[in-house]
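*Asks:* I am sharing entry-v5.pdb, which consists of PDB, C-alpha atoms:
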```pdb
ATOM      1  CA  MET K1011     -15.560 -35.790   7.519
ATOM      2  CA  LYS K1012     -12.351 -35.186   9.535
ATOM      3  CA  LYS K1013     -10.293 -36.583   6.648
ATOM      4  CA  ILE K1014     -11.654 -33.849   4.382
ATOM      5  CA  ILE K1015     -11.210 -30.952   6.816
ATOM      6  CA  ALA K1016      -7.470 -31.480   7.424
ATOM      7  CA  PRO K1017      -6.446 -31.162   3.733
ATOM      8  CA  ILE K1018      -8.704 -28.151   3.282
ATOM      9  CA  LEU K1019      -7.102 -26.421   6.277
ATOM     10  CA  LEU K1020      -3.622 -27.275   5.016
ATOM     11  CA  VAL K1021      -4.342 -25.846   1.565
ATOM     12  CA  SER K1022      -5.868 -22.714   3.128
ATOM     13  CA  VAL K1023      -2.784 -22.125   5.257
ATOM     14  CA  LEU K1024      -0.437 -22.661   2.318
ATOM     15  CA  LEU K1025      -2.404 -20.298   0.079
ATOM     16  CA  THR K1026      -2.459 -17.481   2.609
ATOM     17  CA  GLN K1027       1.128 -17.870   3.776
ATOM     18  CA  GLY K1028       3.339 -15.212   2.222
ATOM     19  CA  CYS K1029       0.493 -13.033   0.999
ATOM     20  CA  SER K1030       0.920  -9.272   0.857
ATOM     21  CA  THR K1031      -1.599  -6.460   0.913
ATOM     22  CA  LEU K1032      -1.563  -2.774   0.049
ATOM     23  CA  ALA K1033      -0.971  -2.100   3.746
ATOM     24  CA  ASP K1034       2.190  -4.223   3.574
ATOM     25  CA  ALA K1035       3.432  -2.202   0.607
ATOM     26  CA  ARG K1036       2.652   1.027   2.499
ATOM     27  CA  LYS K1037       4.566  -0.175   5.574
ATOM     28  CA  ALA K1038       7.611  -1.012   3.416
ATOM     29  CA  GLU K1039       8.560   2.650   2.949
ATOM     30  CA  GLY K1040      12.342   2.887   3.076
ATOM     31  CA  GLU K1041      12.812  -0.570   1.543
ATOM     32  CA  GLY K1042      12.132   0.386  -2.075
ATOM     33  CA  VAL K1043      14.107   1.855  -4.940
ATOM     34  CA  LYS K1044      14.520   5.639  -4.898
ATOM     35  CA  ARG K1045      15.113   8.105  -7.682
ATOM     36  CA  VAL K1046      15.366  11.910  -7.570
ATOM     37  CA  TYR K1047      13.748  13.877 -10.397
ATOM     38  CA  PRO K1048      14.579  17.480 -11.328
ATOM     39  CA  ALA K1049      10.968  18.606 -10.933
ATOM     40  CA  SER K1050       8.665  20.119  -8.341
ATOM     41  CA  PHE K1051       6.572  17.986  -6.011
ATOM     42  CA  GLU K1052       3.405  18.977  -7.905
ATOM     43  CA  LYS K1053       4.750  17.924 -11.314
ATOM     44  CA  THR K1054       6.214  14.711  -9.919
ATOM     45  CA  TRP K1055       2.980  13.837  -8.126
ATOM     46  CA  ASN K1056       1.023  14.295 -11.354
ATOM     47  CA  ALA K1057       3.622  12.295 -13.311
ATOM     48  CA  SER K1058       3.367   9.485 -10.749
ATOM     49  CA  ASN K1059      -0.399   9.272 -11.232
ATOM     50  CA  SER K1060       0.053   9.325 -15.008
ATOM     51  CA  ALA K1061       2.679   6.563 -14.831
ATOM     52  CA  LEU K1062       0.428   4.285 -12.794
ATOM     53  CA  ASP K1063      -2.457   4.930 -15.166
ATOM     54  CA  LYS K1064      -0.315   4.201 -18.227
ATOM     55  CA  LEU K1065       0.895   0.939 -16.673
ATOM     56  CA  LYS K1066      -2.721   0.034 -15.900
ATOM     57  CA  LEU K1067      -2.135  -0.160 -12.168
ATOM     58  CA  GLU K1068      -5.362   0.723 -10.382
ATOM     59  CA  ILE K1069      -4.969   3.448  -7.772
ATOM     60  CA  ALA K1070      -6.579   2.184  -4.577
ATOM     61  CA  SER K1071      -5.798   5.221  -2.422
ATOM     62  CA  GLU K1072      -3.584   8.255  -2.300
ATOM     63  CA  ASN K1073      -2.619  10.835   0.277
ATOM     64  CA  ARG K1074      -0.947  13.903  -1.205
ATOM     65  CA  GLU K1075      -0.310  15.419   2.230
ATOM     66  CA  LYS K1076       1.595  12.324   3.420
ATOM     67  CA  GLY K1077       3.079  11.782  -0.040
ATOM     68  CA  TYR K1078       2.016   8.295  -1.021
ATOM     69  CA  ILE K1079      -0.019   6.524  -3.676
ATOM     70  CA  LEU K1080      -1.127   2.895  -3.316
ATOM     71  CA  ALA K1081      -1.919   0.958  -6.468
ATOM     72  CA  GLN K1082      -2.536  -2.619  -7.426
ATOM     73  CA  ARG K1083      -3.084  -4.996 -10.265
ATOM     74  CA  GLY K1084      -5.481  -7.851  -9.786
ATOM     75  CA  ILE K1085      -5.241 -11.442 -10.863
ATOM     76  CA  THR K1086      -4.082 -12.032 -14.437
ATOM     77  CA  PHE K1087      -3.202 -15.111 -16.448
ATOM     78  CA  GLY K1088       0.347 -15.143 -15.066
ATOM     79  CA  SER K1089      -0.064 -13.578 -11.627
ATOM     80  CA  TYR K1090      -2.199 -13.478  -8.505
ATOM     81  CA  GLY K1091      -1.731  -9.722  -8.478
ATOM     82  CA  GLU K1092       0.691  -7.107  -7.217
ATOM     83  CA  ASN K1093       0.643  -4.261  -4.692
ATOM     84  CA  VAL K1094       2.611  -1.091  -5.386
ATOM     85  CA  ALA K1095       3.361   1.873  -3.141
ATOM     86  CA  VAL K1096       4.787   5.116  -4.551
ATOM     87  CA  PHE K1097       6.235   7.584  -2.049
ATOM     88  CA  VAL K1098       6.727  11.144  -3.328
ATOM     89  CA  LYS K1099       8.880  13.423  -1.149
ATOM     90  CA  LYS K1100       9.870  17.027  -1.834
ATOM     91  CA  GLN K1101      13.641  17.520  -1.598
ATOM     92  CA  THR K1102      13.838  21.154  -2.772
ATOM     93  CA  GLU K1103      11.569  23.399  -4.829
ATOM     94  CA  ALA K1104      13.100  21.902  -7.979
ATOM     95  CA  GLU K1105      13.810  18.307  -6.895
ATOM     96  CA  THR K1106      11.552  15.493  -5.748
ATOM     97  CA  GLN K1107      12.422  12.000  -4.590
ATOM     98  CA  VAL K1108      10.233   9.049  -5.536
ATOM     99  CA  GLU K1109      10.464   5.641  -3.897
ATOM    100  CA  VAL K1110       8.638   2.626  -5.326
ATOM    101  CA  VAL K1111       7.851  -0.574  -3.435
ATOM    102  CA  SER K1112       6.429  -3.467  -5.454
ATOM    103  CA  LYS K1113       5.151  -6.585  -3.708
ATOM    104  CA  LYS K1114       3.594  -9.760  -5.081
ATOM    105  CA  SER K1115       0.149 -10.505  -3.683
ATOM    106  CA  MET K1116       1.347 -14.065  -3.152
ATOM    107  CA  ALA K1117       5.032 -14.653  -2.410
ATOM    108  CA  THR K1118       5.061 -18.034  -4.156
ATOM    109  CA  ASN K1119       4.035 -16.478  -7.471
ATOM    110  CA  ILE K1120       7.268 -16.448  -9.466
ATOM    111  CA  PHE K1121       5.635 -14.915 -12.539
ATOM    112  CA  ALA K1122       4.394 -11.695 -10.903
ATOM    113  CA  PRO K1123       6.245  -8.677 -12.296
ATOM    114  CA  ASP K1124       8.247  -6.258 -10.184
ATOM    115  CA  TRP K1125       6.832  -2.845 -11.123
ATOM    116  CA  THR K1126       9.613  -0.755  -9.584
ATOM    117  CA  GLU K1127      11.688   0.142 -12.653
ATOM    118  CA  ASP K1128       8.644   0.425 -14.927
ATOM    119  CA  VAL K1129       6.991   2.943 -12.594
ATOM    120  CA  LEU K1130      10.175   4.991 -12.117
ATOM    121  CA  ASN K1131      10.870   5.046 -15.867
ATOM    122  CA  GLU K1132       7.297   6.050 -16.702
ATOM    123  CA  ILE K1133       7.469   8.901 -14.178
ATOM    124  CA  GLY K1134      10.585  10.178 -15.978
ATOM    125  CA  ILE K1135       8.807   9.966 -19.343
ATOM    126  CA  ALA K1136       5.723  11.733 -17.976
ATOM    127  CA  LEU K1137       7.894  14.531 -16.571
ATOM    128  CA  LYS K1138       9.609  14.983 -19.946
ATOM    129  CA  ASN K1139       6.214  15.132 -21.647
ATOM    130  CA  GLN K1140       5.062  17.811 -19.160
ATOM    131  CA  SER K1141       8.062  19.946 -20.142
ATOM    132  CA  LYS K1142       7.120  20.016 -23.819
TER     133      LYS K1142
END
```
Mind turning this structure into structure tokens?
*Replies:*
Amino acid sequence: MKKIIAPILLVSVLLTQGCSTLADARKAEGEGVKRVYPASFEKTWNASNSALDKLKLEIASENREKGYILAQRGITFGSYGENVAVFVKKQTEAETQVEVVSKKSMATNIFAPDWTEDVLNEIGIALKNQSK
């Protein structure tokens, strides 16, 4: 029995080592990629939600007052999932900064995509579509 327990514990430790959660993505504010958009906070917030929806990232929670959206994608054929935090901060009435942090659910998963540029680009597209 003891011979079975040791390998199971070792595998459990290895599988959980390097895992990230939505809370980890939230705590990583300041470590992501930032972009300033020539749009109000309201329009940029809405564009951020639209971008996540278009990319099929499931919104787990959001706090408009604190300016963050937490999203994730679950396990797929090539990934154990990803956690994404989008921080939306008003700069002026006509400019808003967005920071995106993308973390793999499991650090050892080399196939998990980094959503940073995709999210930022989709926000830009959504803002252009709002202007039409």
*Asks:* Quick one, how far is CA of Thr1102 (chain K) from CA of Glu1052 (chain K)?
*Replies:*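 CA of Glu1052 (chain K) lies 11.8 Å from CA of Thr1102 (chain K).
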*Asks:* Applying 6 Å and only C-alpha atoms, which residues near Ile1079 (chain K) remain after dropping the ones on its own chain fewer than 6 positions away? List them as a ChimeraX atom specification.
*Replies:* /K:1072,1095-1096
*Asks:* So how far away is CA of Trp1125 (chain K) from CA of Gly1042 (chain K), in Å?
*Replies:* 11.0 Å
*Asks:* So how far away is CA of Thr1031 (chain K) from CA of Ile1120 (chain K), in Å?
*Replies:*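 Spanning CA of Ile1120 (chain K) to CA of Thr1031 (chain K) is a straight-line distance of 16.9 Å.
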*Asks:* Could you list, as a list of chain:residue names, every residue matched by the PyMOL selection byres ((chain K and resi 1113) around 9) in this structure?
*Replies:*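 Taken over the shown coordinates, the PyMOL selection byres ((chain K and resi 1113) around 9) returns K:Ser1030, K:Thr1031, K:Leu1032, K:Asp1034, K:Ala1035, K:Gly1091, K:Glu1092, K:Asn1093, K:Val1094, K:Ala1095, K:Val1111, K:Ser1112, K:Lys1114, K:Ser1115, K:Met1116, K:Ala1117, K:Ala1122, K:Pro1123, K:Asp1124, K:Trp1125.
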*Asks:* Which polymer residues have any atom within 10 Å of an atom of Glu1132 (chain K), counting only C-alpha atoms, with same-chain residues fewer than 4 positions away left out, as a list in words?
*Replies:*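 In the requested form, the answer reads Ala1057, Ser1058, Asn1059, Ser1060, Ala1061, Leu1062, Asp1063, Lys1064, Leu1065, Glu1127, Asp1128, Ala1136, Leu1137 and Lys1138 of chain K.
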*Asks:* Determine, counting all atoms listed in the file, which protein, DNA and RNA residues have an atom within 9 Å of an atom of Val1043 (chain K); residues of the same chain fewer than 6 positions away are not included. Present the result as a list in words.
*Replies:*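 Final neighbour list, sorted by chain and number: Val1108, Glu1109, Val1110, Val1111, Thr1126, Glu1127 and Leu1130 of chain K.
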*Asks:* Calculate, to one decimal in Å, the centre and edge lengths of the box along x, y and z of the file that holds all listed atoms of region 1064-1068 of chain K with 8 Å of margin on each side, and present them as lines of an AutoDock Vina configuration file.
*Replies:*
```
center_x = -2.2
center_y = 2.0
center_z = -14.3
size_x = 22.3
size_y = 20.4
size_z = 23.8
```
